[in-house]
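A short write-up of the structure that comes next.
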Amino acid sequence: MSNKWFSQLKFLIAGIVFGIVFVKAEVISWFRIQEMFRLQSFHMYGVIGSAVLVGMLSVWMIRKFRIKTMEGEAVIFHPKKFSKGQIYGGLIFGVGWAITGACPGPLFAQIGLGATAIFVTLLSAIAGTWVYGKFREQLPH
Amino acid sequence: MIHLCIIKVVKMDVINFVRQPWPWYVAGPLIGLTVPALLLLGNKSFGISSSLRHICAACLPANIPFFRYDWKKEAWNLFFVGGIALGGVITGTWLSNPAAMTVHPALATALSGYGIHDFHAMIPEALFSWPALLSLRGMIMMVGGGFLVGFGTRYAGGCTSGHAIMGLSTLQWPSLVATVCFMIGGLVTANFILPFILSL
């Protein structure tokens, strides 16, 4: 059991590195998100665009050279199925993203940075996820 | 002695460099490297909004089928977001930029019309703080905005990390649809709806 918790430590460390990059690149700034949606700055487009390019190249290399995980397993990719949820949910998230200036990742970093009131926003996001789960069957997909 | 001085100067330069905001061509590729890092560390697909679902499943499953699964198997995701928060603590404590943010002049002008004059912090306190929570504007933005983020990401099956970065990296067209919708929702809101909310 203790070994199991220890094995999670690497994800904690990955998260720390990721969180530092998030804050240092000002990706978690409400102002940067406004500039992105008002087409006033290239910064966020550059961040997301170059992240996607590096991600694509990495995935291509993992597939091409059949790179294994640390435990020696083959890397598994989970294909995403299309549903109308990606349209409706996508639009709804876009509205929330512009208002809060944060996607879920930055919410955690903002709280860590000391904006403790964002805890309320995070709780509300958890509530939103819960309400979606509750009414999932009634929503068009 | 001279050596020590040089080391000291270099060290200062490195710290100063790290303290500055990082340009997109440094940050973007580092964020992109999270994709192979998580795959190789433990066969995990990069995604952050799932953590919100796991928190629901852990704390308040309420017998809802969507939350009835073994969330402990996905605990890595909670460690990852915990790390993100810790990364915020570390940056805020040791690596923060003492200078104010540089905000686009047109945005600064527009915002000052809504009583937002302080661009020092990354998050405007006039909108997101405990006192702001007591105003109608702050309540709508913090509580309402947060709700839409949580509801929308789960409805869409992912957020910027899961769809825009992980999904596009693995060439999933549903993720492209989701990403385009994120951008449409955001563009319309920031330009046409947010000015109304800010004026409240």
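For the structure tokens, the naming scheme is as follows: chains receive sequential letters (A, B, ...) according to their order of presentation, residues are indexed from 1 within each chain, and ligands are indexed from 1 in presentation order.
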Pull out every residue of chain B that has at least one atom within 6 Å of chain A, counting only C-alpha atoms, and report them as a PyMOL selection string.
-> chain B and resi 21-22+24+27-29+31-32+35-36+40-41+43+48-49+52+66+76+79-80+83-89+91-92+122-123+129-130+141-143+145-156+165+169+174+178+181-182+185-187+189-190
Neighbour list for B:His117 as a list in words, cut-off 12 Å, only C-alpha atoms, skip fewer than 3 positions in-chain =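 Using only C-alpha atoms, the neighbours found are Ala100, Val103, Pro105, Leu107, Ala108, Thr109, Ala110, Leu111, Ser112, Gly113, Tyr114, His120, Ala121, Pro124, Glu125, Ala126 and Leu127 of chain B.
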Could you save the residues just selected, with N, CA and C atoms, as a CSV table (one decimal), in the first residue's frame?
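Below is the file again_8.csv, written as the result:
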chain,number,residue,atom,x,y,z
B,100,ALA,N,4.8,44.6,-12.2
B,100,ALA,CA,3.4,44.4,-12.5
B,100,ALA,C,3.2,43.7,-13.9
B,103,VAL,N,-0.3,44.6,-19.5
B,103,VAL,CA,-1.5,44.3,-20.1
B,103,VAL,C,-1.7,45.1,-21.3
B,105,PRO,N,-2.7,47.7,-23.9
B,105,PRO,CA,-3.3,49.1,-23.5
B,105,PRO,C,-4.8,49.1,-23.8
B,107,LEU,N,-6.9,46.7,-23.6
B,107,LEU,CA,-7.6,46.0,-22.6
B,107,LEU,C,-7.6,46.8,-21.3
B,108,ALA,N,-6.5,47.4,-21.0
B,108,ALA,CA,-6.4,48.3,-19.8
B,108,ALA,C,-7.4,49.4,-19.8
B,109,THR,N,-7.5,50.1,-21.0
B,109,THR,CA,-8.4,51.2,-21.1
B,109,THR,C,-9.9,50.7,-20.9
B,110,ALA,N,-10.2,49.6,-21.6
B,110,ALA,CA,-11.5,49.0,-21.5
B,110,ALA,C,-11.9,48.7,-20.0
B,111,LEU,N,-10.9,48.0,-19.4
B,111,LEU,CA,-11.2,47.6,-18.0
B,111,LEU,C,-11.3,48.7,-17.0
B,112,SER,N,-10.5,49.8,-17.2
B,112,SER,CA,-10.6,50.9,-16.3
B,112,SER,C,-12.0,51.5,-16.3
B,113,GLY,N,-12.7,51.4,-17.5
B,113,GLY,CA,-14.1,51.8,-17.5
B,113,GLY,C,-15.0,51.1,-16.6
B,114,TYR,N,-14.6,49.9,-16.2
B,114,TYR,CA,-15.4,49.1,-15.3
B,114,TYR,C,-14.8,49.1,-13.9
B,120,HIS,N,-1.5,44.7,-11.1
B,120,HIS,CA,-0.3,44.2,-10.5
B,120,HIS,C,-0.3,42.7,-10.4
B,121,ALA,N,-1.5,42.2,-10.0
B,121,ALA,CA,-1.6,40.7,-9.8
B,121,ALA,C,-2.1,40.1,-11.1
B,124,PRO,N,-7.3,39.9,-11.2
B,124,PRO,CA,-7.7,41.2,-10.7
B,124,PRO,C,-8.6,41.0,-9.4
B,125,GLU,N,-8.1,41.7,-8.3
B,125,GLU,CA,-8.8,41.5,-7.0
B,125,GLU,C,-10.2,42.2,-7.0
B,126,ALA,N,-10.4,43.1,-7.9
B,126,ALA,CA,-11.7,43.8,-8.0
B,126,ALA,C,-12.7,42.8,-8.4
B,127,LEU,N,-12.3,41.7,-9.1
B,127,LEU,CA,-13.3,40.7,-9.6
B,127,LEU,C,-13.2,39.4,-8.8
Å distance separating atom CA of B:Gly82 from atom CA of B:Thr102, one decimal place |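 Atom-to-atom, atom CA of B:Gly82 to atom CA of B:Thr102, that is 28.8 Å.
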Residue list (helix (DSSP H, G or I), DSSP) for stretch 21-132 of chain A, as a VMD selection string | chain A and resid 21 to 24 30 to 37 43 to 64 85 to 100 104 to 113 118 to 132
For atom CA of B:Ser161 and atom CA of B:Ile184, the interatomic separation in Å (one decimal) | 17.1 Å
